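*Asks:* Provided below: upload-v4.txt, containing compact mmCIF, C-alpha atoms.
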# COMPACT_ATOMS: atom_id res chain seq x y z
CA MET T 1 -9.71 28.79 -28.37
CA GLU T 2 -6.68 29.29 -30.62
CA PHE T 3 -4.14 26.97 -29.09
CA ASN T 4 -1.86 24.17 -30.29
CA TRP T 5 -3.77 21.31 -28.73
CA ILE T 6 -1.53 18.61 -30.18
CA THR T 7 1.30 19.67 -27.84
CA ILE T 8 -0.56 18.62 -24.69
CA LYS T 9 -1.36 15.02 -25.62
CA LYS T 10 1.92 13.34 -24.72
CA PRO T 11 2.51 15.01 -21.31
CA LEU T 12 -1.17 14.62 -20.40
CA LEU T 13 -1.23 10.87 -21.10
CA GLU T 14 2.12 10.30 -19.37
CA TRP T 15 0.84 12.12 -16.28
CA TYR T 16 -2.44 10.19 -16.26
CA GLN T 17 -0.77 6.79 -16.52
CA LYS T 18 1.43 7.61 -13.53
CA SER T 19 -0.96 9.62 -11.34
CA HIS T 20 -4.57 8.57 -11.87
CA ARG T 21 -6.74 7.26 -9.06
CA ASP T 22 -7.52 3.54 -9.04
CA LEU T 23 -11.30 3.56 -9.44
CA GLU T 24 -13.27 0.38 -10.05
CA TRP T 25 -14.95 1.62 -13.22
CA ARG T 26 -11.55 2.40 -14.74
CA ASN T 27 -10.62 -1.27 -14.73
CA THR T 28 -13.22 -2.26 -17.32
CA LYS T 29 -14.34 -1.62 -20.89
CA GLU T 30 -17.80 -3.06 -20.27
CA PRO T 31 -20.20 -0.32 -21.46
CA TYR T 32 -22.87 -1.19 -18.88
CA TYR T 33 -20.44 -0.57 -16.02
CA ILE T 34 -19.12 2.66 -17.54
CA TRP T 35 -22.67 3.86 -18.20
CA ILE T 36 -23.76 3.29 -14.60
CA SER T 37 -20.66 5.04 -13.24
CA GLU T 38 -21.05 8.05 -15.52
CA ILE T 39 -24.72 8.56 -14.60
CA MET T 40 -23.94 8.23 -10.89
CA LEU T 41 -21.06 10.69 -11.14
CA GLN T 42 -23.29 13.43 -12.52
CA GLN T 43 -23.76 15.96 -9.70
CA THR T 44 -22.11 13.57 -7.21
CA ARG T 45 -18.58 13.31 -5.80
CA VAL T 46 -16.43 10.30 -6.65
CA GLU T 47 -15.97 9.31 -2.99
CA ALA T 48 -19.72 9.27 -2.47
CA VAL T 49 -20.33 7.17 -5.59
CA LYS T 50 -17.97 4.27 -4.79
CA GLY T 51 -20.24 2.44 -2.35
CA TYR T 52 -23.37 3.06 -4.39
CA TYR T 53 -21.69 1.76 -7.54
CA GLU T 54 -20.65 -1.53 -5.95
CA ARG T 55 -24.05 -2.09 -4.32
CA PHE T 56 -25.95 -1.22 -7.50
CA LEU T 57 -23.99 -3.70 -9.62
CA ARG T 58 -24.48 -6.44 -7.04
CA GLU T 59 -28.24 -5.96 -7.18
CA VAL T 60 -28.55 -5.02 -10.87
CA PRO T 61 -25.66 -6.78 -12.65
CA ASP T 62 -26.68 -6.26 -16.27
CA ILE T 63 -28.98 -4.52 -18.74
CA LYS T 64 -31.69 -7.19 -18.54
CA ALA T 65 -31.85 -6.93 -14.75
CA LEU T 66 -32.09 -3.15 -15.01
CA SER T 67 -34.90 -3.35 -17.55
CA ILE T 68 -37.15 -5.39 -15.24
CA ILE T 69 -36.31 -3.99 -11.80
CA GLU T 70 -39.27 -2.63 -9.82
CA GLU T 71 -39.17 1.14 -9.51
CA GLU T 72 -39.38 1.12 -5.71
CA LYS T 73 -36.30 -1.12 -5.51
CA LEU T 74 -34.48 0.98 -8.11
CA LEU T 75 -35.12 4.21 -6.22
CA LYS T 76 -34.13 2.56 -2.94
CA LEU T 77 -30.78 1.60 -4.49
CA TRP T 78 -30.43 5.19 -5.70
CA GLU T 79 -31.40 6.73 -2.34
CA GLY T 80 -28.87 9.36 -1.31
CA LEU T 81 -27.56 10.06 -4.80
CA GLY T 82 -30.35 12.53 -5.58
CA TYR T 83 -31.67 13.59 -9.00
CA TYR T 84 -33.84 10.48 -9.10
CA ASN T 85 -34.85 10.92 -12.73
CA ARG T 86 -31.33 9.72 -13.53
CA ALA T 87 -32.30 6.32 -12.12
CA ARG T 88 -35.64 6.27 -13.91
CA ASN T 89 -33.94 7.10 -17.20
CA LEU T 90 -31.50 4.23 -16.64
CA LYS T 91 -34.40 1.81 -16.62
CA LYS T 92 -36.05 3.45 -19.64
CA ALA T 93 -32.80 3.17 -21.57
CA ALA T 94 -32.35 -0.46 -20.52
CA ILE T 95 -35.83 -1.29 -21.80
CA GLN T 96 -35.00 0.44 -25.08
CA ILE T 97 -31.73 -1.50 -25.39
CA MET T 98 -33.60 -4.78 -24.81
CA GLU T 99 -36.19 -3.89 -27.46
CA LEU T 100 -33.99 -2.30 -30.13
CA TYR T 101 -30.58 -3.91 -29.66
CA ASP T 102 -31.41 -7.39 -28.30
CA GLY T 103 -30.03 -6.47 -24.90
CA ARG T 104 -26.59 -5.49 -26.21
CA PHE T 105 -25.33 -2.00 -25.49
CA PRO T 106 -25.16 -0.11 -28.83
CA THR T 107 -21.69 0.67 -30.16
CA LYS T 108 -22.42 3.66 -32.40
CA TYR T 109 -22.40 7.20 -31.02
CA LYS T 110 -25.72 8.19 -32.61
CA GLU T 111 -27.40 5.16 -31.09
CA VAL T 112 -25.92 5.76 -27.65
CA VAL T 113 -26.81 9.46 -27.55
CA GLY T 114 -30.37 8.54 -28.53
CA LEU T 115 -30.95 6.58 -25.32
CA PRO T 116 -33.01 8.21 -22.52
CA GLY T 117 -30.90 10.16 -20.04
CA ILE T 118 -27.73 10.05 -22.14
CA GLY T 119 -26.50 13.37 -23.48
CA GLU T 120 -23.49 14.27 -25.60
CA TYR T 121 -21.04 14.13 -22.69
CA THR T 122 -22.09 10.71 -21.42
CA ALA T 123 -22.29 9.27 -24.94
CA GLY T 124 -18.85 10.68 -25.69
CA ALA T 125 -17.42 9.15 -22.52
CA ILE T 126 -18.93 5.70 -23.13
CA CYS T 127 -17.98 5.55 -26.80
CA SER T 128 -14.41 6.77 -26.32
CA ILE T 129 -13.66 4.69 -23.21
CA CYS T 130 -15.39 1.47 -24.25
CA PHE T 131 -15.12 1.46 -28.04
CA GLY T 132 -12.13 3.72 -28.71
CA LEU T 133 -14.19 6.11 -30.83
CA PRO T 134 -13.04 9.73 -31.41
CA THR T 135 -15.91 11.18 -29.36
CA PRO T 136 -14.62 13.76 -26.86
CA ALA T 137 -16.53 13.99 -23.59
CA VAL T 138 -16.84 17.68 -22.74
CA ASP T 139 -18.24 18.59 -19.33
CA GLY T 140 -17.55 21.41 -16.87
CA ASN T 141 -14.26 19.89 -15.73
CA VAL T 142 -12.95 19.52 -19.27
CA LEU T 143 -14.13 22.98 -20.29
CA ARG T 144 -12.39 24.53 -17.30
CA VAL T 145 -9.12 22.88 -18.27
CA MET T 146 -9.48 23.94 -21.90
CA VAL T 147 -10.32 27.60 -21.35
CA ARG T 148 -7.46 27.98 -18.87
CA LEU T 149 -4.99 26.31 -21.21
CA SER T 150 -5.98 28.65 -24.03
CA ASP T 151 -6.80 31.70 -21.84
CA CYS T 152 -10.23 31.76 -23.45
CA TYR T 153 -13.00 34.07 -22.18
CA ASP T 154 -15.91 32.54 -24.04
CA ASN T 155 -18.83 31.73 -21.74
CA ILE T 156 -18.68 28.00 -21.02
CA ASP T 157 -22.44 27.86 -20.47
CA ASP T 158 -23.00 28.68 -24.15
CA LEU T 159 -23.56 25.71 -26.40
CA LYS T 160 -21.25 27.14 -29.06
CA THR T 161 -18.34 27.11 -26.57
CA LYS T 162 -18.89 23.42 -25.85
CA ARG T 163 -19.10 22.66 -29.55
CA MET T 164 -15.87 24.55 -30.21
CA ALA T 165 -14.14 22.66 -27.38
CA ARG T 166 -15.31 19.34 -28.79
CA GLN T 167 -14.03 20.33 -32.23
CA ASN T 168 -10.64 21.34 -30.84
CA LEU T 169 -10.26 18.00 -29.09
CA LEU T 170 -10.95 16.02 -32.25
CA SER T 171 -7.39 16.72 -33.47
CA LEU T 172 -6.17 14.74 -30.46
CA TYR T 173 -8.75 11.97 -30.58
CA HIS T 174 -8.28 11.15 -34.25
CA LYS T 175 -4.69 10.14 -33.47
CA GLY T 176 -5.75 7.38 -31.06
CA ASN T 177 -5.73 6.70 -27.29
CA CYS T 178 -9.32 7.96 -27.14
CA ASP T 179 -10.09 6.05 -23.95
CA LEU T 180 -7.09 7.41 -22.08
CA LEU T 181 -7.63 10.95 -23.35
CA THR T 182 -11.18 11.09 -22.00
CA GLN T 183 -10.15 9.80 -18.60
CA ALA T 184 -7.04 11.99 -18.45
CA PHE T 185 -9.00 15.18 -19.07
CA MET T 186 -11.56 14.13 -16.45
CA GLU T 187 -8.83 13.41 -13.91
CA LEU T 188 -6.93 16.62 -14.56
CA GLY T 189 -10.08 18.70 -14.08
CA ALA T 190 -11.10 16.84 -10.94
CA MET T 191 -7.73 16.63 -9.18
CA VAL T 192 -5.47 19.44 -10.45
CA CYS T 193 -7.33 22.18 -12.34
CA ILE T 194 -10.01 21.97 -9.70
CA PRO T 195 -13.39 23.70 -9.40
CA ASN T 196 -14.10 26.10 -6.53
CA GLY T 197 -10.51 26.49 -5.45
CA VAL T 198 -6.96 27.41 -6.38
CA PRO T 199 -5.65 25.11 -9.13
CA LYS T 200 -2.66 22.97 -8.24
CA CYS T 201 -0.50 24.39 -11.02
CA GLN T 202 2.75 23.02 -9.62
CA GLU T 203 1.34 19.50 -10.04
CA CYS T 204 0.00 20.12 -13.54
CA PRO T 205 1.76 18.38 -16.42
CA LEU T 206 0.57 21.10 -18.80
CA ARG T 207 1.59 24.22 -16.91
CA GLU T 208 4.44 25.07 -19.30
CA THR T 209 1.96 25.38 -22.17
CA CYS T 210 -0.95 26.80 -20.12
CA LEU T 211 -1.59 30.41 -21.08
CA ALA T 212 -3.58 31.16 -17.92
CA TYR T 213 -0.63 29.95 -15.85
CA ARG T 214 1.83 32.07 -17.81
CA ARG T 215 -0.39 35.16 -17.63
CA ASN T 216 -1.68 34.52 -14.10
CA THR T 217 -5.28 34.77 -15.28
CA TRP T 218 -6.56 31.43 -13.91
CA ASN T 219 -8.74 33.21 -11.33
CA LYS T 220 -10.73 34.90 -14.12
CA LEU T 221 -11.58 31.61 -15.78
CA PRO T 222 -13.87 30.02 -16.62
CA VAL T 223 -16.39 32.70 -17.55
CA ARG T 224 -19.95 31.66 -16.68
CA LYS T 225 -23.41 33.13 -16.70
CA GLU T 226 -24.45 34.69 -13.42
CA LYS T 227 -26.47 32.23 -11.38
CA LYS T 228 -30.02 33.11 -10.46
CA LYS T 229 -30.71 33.44 -6.76
CA ARG T 230 -32.36 30.40 -5.25
CA LYS T 231 -36.05 30.61 -4.47
CA ILE T 232 -36.73 30.32 -0.72
CA GLU T 233 -39.59 28.06 0.40
CA GLU T 234 -40.78 27.60 3.99
CA LYS T 235 -42.06 24.16 4.99
CA THR T 236 -43.39 22.60 8.15
CA VAL T 237 -42.78 18.84 8.20
CA PHE T 238 -44.69 16.47 10.47
CA ILE T 239 -42.84 13.33 11.57
CA LEU T 240 -45.99 11.51 12.64
CA HIS T 241 -45.72 8.13 14.30
CA ASP T 242 -47.86 5.69 16.22
CA GLY T 243 -45.33 3.61 18.09
CA ASN T 244 -42.91 2.36 15.45
CA GLN T 245 -45.30 3.12 12.56
CA TYR T 246 -44.54 6.27 10.57
CA GLY T 247 -46.85 8.10 8.20
CA ILE T 248 -45.55 8.81 4.68
CA ARG T 249 -47.10 9.64 1.33
CA LYS T 250 -46.06 9.84 -2.32
CA ARG T 251 -45.43 13.17 -3.97
CA GLY T 252 -47.11 14.06 -7.25
CA SER T 253 -45.89 12.79 -10.60
CA LYS T 254 -44.52 16.17 -11.71
CA GLY T 255 -42.02 18.67 -10.36
CA LEU T 256 -39.27 18.40 -7.78
CA LEU T 257 -38.82 14.91 -6.26
CA ALA T 258 -41.68 13.58 -8.39
CA ASP T 259 -43.18 10.25 -7.25
CA MET T 260 -40.88 10.10 -4.22
CA TRP T 261 -41.97 9.30 -0.66
CA GLU T 262 -42.19 12.14 1.84
CA PHE T 263 -43.42 12.99 5.31
CA TYR T 264 -46.66 14.91 5.67
CA HIS T 265 -46.00 18.65 5.42
CA VAL T 266 -47.48 22.06 4.74
CA ASP T 267 -45.90 24.84 2.69
CA ALA T 268 -45.72 27.37 5.50
CA ARG T 269 -43.77 28.09 8.67
CA LEU T 270 -45.85 27.08 11.71
CA ASN T 271 -44.88 27.39 15.34
CA ALA T 272 -45.39 24.47 17.72
CA ARG T 273 -48.91 25.46 18.76
CA GLN T 274 -49.97 26.05 15.16
CA ALA T 275 -48.45 22.73 14.12
CA VAL T 276 -50.43 20.75 16.71
CA ASP T 277 -53.62 22.62 15.84
CA TYR T 278 -53.07 21.97 12.12
CA ILE T 279 -52.65 18.24 12.68
CA SER T 280 -55.74 18.12 14.88
CA GLU T 281 -57.80 19.94 12.26
CA HIS T 282 -56.68 17.65 9.44
CA GLY T 283 -57.81 14.27 10.69
CA PHE T 284 -55.09 13.21 13.12
CA GLU T 285 -55.18 12.65 16.87
CA PRO T 286 -51.97 14.11 18.32
CA VAL T 287 -50.90 12.61 21.64
CA LEU T 288 -47.53 14.22 22.29
CA LEU T 289 -45.35 16.84 20.64
CA GLU T 290 -41.92 15.35 21.21
CA LYS T 291 -39.48 17.82 19.67
CA GLU T 292 -38.83 20.44 17.02
CA ILE T 293 -35.87 20.39 14.61
CA PRO T 294 -35.02 23.09 12.03
CA TYR T 295 -33.21 22.10 8.83
CA THR T 296 -32.32 23.79 5.54
CA HIS T 297 -32.05 21.69 2.38
CA ILE T 298 -30.53 23.25 -0.72
CA PHE T 299 -31.41 22.17 -4.24
CA THR T 300 -29.93 23.70 -7.39
CA HIS T 301 -32.60 26.35 -7.82
CA VAL T 302 -34.57 26.30 -4.58
CA GLU T 303 -33.88 26.30 -0.85
CA TRP T 304 -36.24 24.59 1.57
CA ARG T 305 -36.25 26.07 5.05
CA MET T 306 -37.88 23.32 7.02
CA THR T 307 -39.13 22.96 10.56
CA ALA T 308 -39.92 19.41 11.60
CA TYR T 309 -42.22 18.50 14.47
CA TYR T 310 -42.04 14.98 15.85
CA ILE T 311 -45.55 14.10 16.97
CA GLU T 312 -46.88 10.89 18.44
CA CYS T 313 -50.40 10.42 17.18
CA ARG T 314 -53.09 7.90 16.40
CA LYS T 315 -53.16 6.57 12.86
CA LYS T 316 -56.06 8.39 11.31
CA LYS T 317 -55.30 9.65 7.84
CA GLU T 318 -56.11 7.42 4.89
CA GLU T 319 -53.93 9.39 2.47
CA LEU T 320 -50.85 8.32 4.44
CA LEU T 321 -49.12 4.97 4.29
CA TRP T 322 -48.10 3.82 7.76
CA VAL T 323 -44.92 1.77 7.70
CA ASP T 324 -42.55 0.25 10.21
CA LYS T 325 -39.42 2.31 10.73
CA ASN T 326 -37.26 -0.62 9.58
CA ALA T 327 -38.97 -0.44 6.18
CA PHE T 328 -37.04 2.75 5.44
CA GLU T 329 -33.87 0.66 5.38
CA THR T 330 -35.13 -1.91 2.89
CA MET T 331 -38.18 -0.73 0.94
CA TYR T 332 -39.06 2.95 0.89
CA ALA T 333 -36.67 5.52 -0.56
CA LEU T 334 -36.81 8.88 1.17
CA PRO T 335 -35.07 11.83 -0.50
CA SER T 336 -32.27 13.35 1.58
CA ALA T 337 -34.46 16.37 2.34
CA TYR T 338 -36.73 14.10 4.40
CA LYS T 339 -34.48 11.22 5.38
CA VAL T 340 -32.37 13.58 7.47
CA PHE T 341 -35.23 13.76 9.99
CA LEU T 342 -35.09 10.01 10.58
CA GLU T 343 -31.37 10.31 11.16
CA LYS T 344 -31.88 13.20 13.59
CA GLU T 345 -34.51 11.30 15.55
CA SER T 346 -32.13 9.17 17.61
Go through the file and emit its structure as structure tokens.

*Replies:*
Amino acid sequence: MEFNWITIKKPLLEWYQKSHRDLEWRNTKEPYYIWISEIMLQQTRVEAVKGYYERFLREVPDIKALSIIEEEKLLKLWEGLGYYNRARNLKKAAIQIMELYDGRFPTKYKEVVGLPGIGEYTAGAICSICFGLPTPAVDGNVLRVMVRLSDCYDNIDDLKTKRMARQNLLSLYHKGNCDLLTQAFMELGAMVCIPNGVPKCQECPLRETCLAYRRNTWNKLPVRKEKKKRKIEEKTVFILHDGNQYGIRKRGSKGLLADMWEFYHVDARLNARQAVDYISEHGFEPVLLEKEIPYTHIFTHVEWRMTAYYIECRKKKEELLWVDKNAFETMYALPSAYKVFLEKES
């Protein structure tokens, strides 16, 4: 990445101060608030995060509250954001902060990056934004901006590329404005040098120095490893209810959606007759097959092709917990893969 990085600092910061979005977590230096926002924003769009962020802070206003929150309530607050281990790691980190740092968020990079669920990017973001430390936060957005600016064809999935990018940014960070630099790079990557689309070069404050713009090579960058094809899994899901009572169960403690609530299901594609027979043979008393709904849910590495059967039945399966439908709004967190069937019911 041979490029004169110093030249971009002034136009980048001027652009950010004039053009950045007014987001709630940008109006604070409180590390707890920045931490929560950064974890929520992983794998999730900004617009989707806004409501969750406000609700979460109302219910869990500080590190102490996070350290003692019941897991069911925590996961319910996180419902819809996905990647639920992010929420579990928040609580683990809060407990560690209470035990090791007397409930005060640590201010040194090595301490922050040592907390559960906090990697180099998140630690860099927190420490630069909150404490003004020269700790660049390098994620996919920032890497995309950097390789296009320098017309670099190094694979951004390689650790050495990220380390080189971080090293290149240090020349900017050591001269101050660390908080603004981190947020400016984030904003430029999210709003101008965008992923999965044509970059808005005419709006970019750095286009005059951008080598990919000059050479018209933006569409070749960034270089990434070829993604593996998703594994396809067939599932038959049973939305079993007795009146307003619905049967759910907890998944195992390992693997995808570990310890989350789910509807009863079988890992196979059954037709309507087979579905009713299966339920009858496994301890339930089906009364009425109400409807069938197909749905495909896509995770990062696997695709669930699901067929849901809504079946009125008599409660007769001890392994299931039978709960009032209203409880899904207040108590039991269903992953999106299953919650969609409640939403499709009406």

*Asks:* Which residues are near T:Leu13? Cut-off 8 Å, only C-alpha atoms, ignore same chain within fewer than 2 positions. Put them as a list in words.

*Replies:* Lys9, Lys10, Pro11, Trp15, Tyr16, Gln17, Leu180, Leu181 and Ala184 of chain T

*Asks:* Expressed in Å to a single decimal, how great is the separation between atom CA of T:Gly255 and atom CA of T:Leu240?

*Replies:*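 It comes out at 24.4 Å.
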
*Asks:* Please produce, as a tab-separated table, a per-residue contact table for stretch 153-260 of chain T versus stretch 283-294 of chain T (criterion: any atom at most 12 Å away, all atoms listed in the file considered), showing the nearest atom pair and its distance in Å to one decimal, sorted by chain then residue number.

*Replies:*
residue	atom	partner	partner_atom	distance
T:Glu234	CA	T:Pro294	CA	10.9
T:Lys235	CA	T:Pro294	CA	10.0
T:Thr236	CA	T:Pro294	CA	9.2
T:Val237	CA	T:Ile293	CA	9.6
T:Phe238	CA	T:Glu292	CA	9.6
T:Ile239	CA	T:Glu292	CA	9.8
T:Leu240	CA	T:Pro286	CA	8.6
T:His241	CA	T:Pro286	CA	9.5
T:Asp242	CA	T:Val287	CA	9.3
T:Gly243	CA	T:Val287	CA	11.2
T:Gly247	CA	T:Phe284	CA	10.9

*Asks:* Taking (-18.6, 9.1, -19.0) in the file's coordinates, which residues come within 10 Å, counting all atoms listed in the file, written as a PDB file with C-alpha atoms, in the coordinates of the input?

*Replies:*
ATOM      1  CA  PRO T  31     -20.200  -0.320 -21.460  1.00  0.00           C
ATOM      2  CA  ILE T  34     -19.120   2.660 -17.540  1.00  0.00           C
ATOM      3  CA  TRP T  35     -22.670   3.860 -18.200  1.00  0.00           C
ATOM      4  CA  ILE T  36     -23.760   3.290 -14.600  1.00  0.00           C
ATOM      5  CA  SER T  37     -20.660   5.040 -13.240  1.00  0.00           C
ATOM      6  CA  GLU T  38     -21.050   8.050 -15.520  1.00  0.00           C
ATOM      7  CA  ILE T  39     -24.720   8.560 -14.600  1.00  0.00           C
ATOM      8  CA  MET T  40     -23.940   8.230 -10.890  1.00  0.00           C
ATOM      9  CA  LEU T  41     -21.060  10.690 -11.140  1.00  0.00           C
ATOM     10  CA  GLN T  42     -23.290  13.430 -12.520  1.00  0.00           C
ATOM     11  CA  ILE T 118     -27.730  10.050 -22.140  1.00  0.00           C
ATOM     12  CA  GLU T 120     -23.490  14.270 -25.600  1.00  0.00           C
ATOM     13  CA  TYR T 121     -21.040  14.130 -22.690  1.00  0.00           C
ATOM     14  CA  THR T 122     -22.090  10.710 -21.420  1.00  0.00           C
ATOM     15  CA  ALA T 123     -22.290   9.270 -24.940  1.00  0.00           C
ATOM     16  CA  GLY T 124     -18.850  10.680 -25.690  1.00  0.00           C
ATOM     17  CA  ALA T 125     -17.420   9.150 -22.520  1.00  0.00           C
ATOM     18  CA  ILE T 126     -18.930   5.700 -23.130  1.00  0.00           C
ATOM     19  CA  CYS T 127     -17.980   5.550 -26.800  1.00  0.00           C
ATOM     20  CA  SER T 128     -14.410   6.770 -26.320  1.00  0.00           C
ATOM     21  CA  ILE T 129     -13.660   4.690 -23.210  1.00  0.00           C
ATOM     22  CA  CYS T 130     -15.390   1.470 -24.250  1.00  0.00           C
ATOM     23  CA  PRO T 136     -14.620  13.760 -26.860  1.00  0.00           C
ATOM     24  CA  ALA T 137     -16.530  13.990 -23.590  1.00  0.00           C
ATOM     25  CA  VAL T 138     -16.840  17.680 -22.740  1.00  0.00           C
ATOM     26  CA  ASP T 139     -18.240  18.590 -19.330  1.00  0.00           C
ATOM     27  CA  THR T 182     -11.180  11.090 -22.000  1.00  0.00           C
ATOM     28  CA  GLN T 183     -10.150   9.800 -18.600  1.00  0.00           C
ATOM     29  CA  MET T 186     -11.560  14.130 -16.450  1.00  0.00           C
TER      30      MET T 186
END

*Asks:* May I ask which of the residues T:Ile156, T:Ala93, T:Met260, T:Val276 is the closest one to T:Glu226, counting only C-alpha atoms?

*Replies:*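 That would be T:Ile156, the residue with the smallest distance to T:Glu226.
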
*Asks:* Distance atom CA of T:Leu320-atom CA of T:Arg249, one decimal place?

*Replies:*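 Computing it gives 5.0 Å between the two atoms.
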
*Asks:* With all atoms listed in the file as the atoms that count, which of T:Lys231, T:Lys225, T:Tyr278, T:Arg144 lies nearest to T:Val192?

*Replies:*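 With all atoms listed in the file as the atom set, the closest residue is T:Arg144.
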
*Asks:* List every protein, DNA or RNA residue with an atom no more than 12 Å from (-46.8, 5.9, 9.9) in the file's coordinates, counting all atoms listed in the file, and format the result as a PyMOL selection string.

*Replies:* chain T and resi 238-249+262-264+284+310-328

*Asks:* Excluding T:Asp62 and residues on its chain fewer than 3 positions from it, collect all residues at most 9 Å away from it, counting all atoms listed in the file, and give them as a ChimeraX atom specification.

*Replies:* /T:32-33,57,65-67

*Asks:* Just how far from atom CA of T:Leu74 is atom CA of T:Arg58, in Å to one decimal?

*Replies:*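 A separation of 12.5 Å between them.
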
*Asks:* For T:Ile6, find every residue with an atom within 12 Å (counting all atoms listed in the file), except residues of its own chain fewer than 5 positions away, and show them as a list in words.

*Replies:*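 The residues satisfying every condition are Pro11, Leu12, Leu13, Asn168, Leu169, Leu170, Ser171, Leu172, Tyr173, His174, Lys175, Leu181, Leu206 and Thr209 of chain T.
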
*Asks:* Please determine, counting all atoms listed in the file, which residue among T:Arg207, T:Lys250, T:Arg88, T:Lys76 has the shortest atom-to-atom distance to T:Thr7.

*Replies:* T:Arg207

*Asks:* To box stretch 85-99 of chain T, take all atoms listed in the file, fit an axis-aligned box, add 8 Å on each side, and give centre and edge lengths in Å to one decimal, as lines of an AutoDock Vina configuration file.

*Replies:*
center_x = -33.8
center_y = 3.1
center_z = -19.8
size_x = 20.9
size_y = 31.7
size_z = 31.3

*Asks:* Report as number ranges by chain all protein, DNA and RNA residues lying within 9 Å of T:Ala94, evaluated on only C-alpha atoms, omitting residues in the same chain fewer than 6 positions from it.

*Replies:* T: 63-68, 103, 105, 115-116

*Asks:* Determine, counting all atoms listed in the file, which protein, DNA and RNA residues have an atom within 12 Å of an atom of T:Gly114; residues of the same chain fewer than 3 positions away are not included. Present the result as a list in words.

*Replies:*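 These residues fall inside the cut-off: Asn89, Lys92, Ala93, Gln96, Ile97, Leu100, Pro106, Thr107, Lys108, Tyr109, Lys110, Glu111, Gly117, Ile118, Gly119, Glu120, Thr122 and Ala123 of chain T.
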
*Asks:* Between T:Tyr153, T:Trp78, T:Arg214, T:Glu47, which residue has the minimum interatomic distance to T:Leu90, considering only C-alpha atoms?

*Replies:*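 Result for the nearest residue to T:Leu90: T:Trp78.
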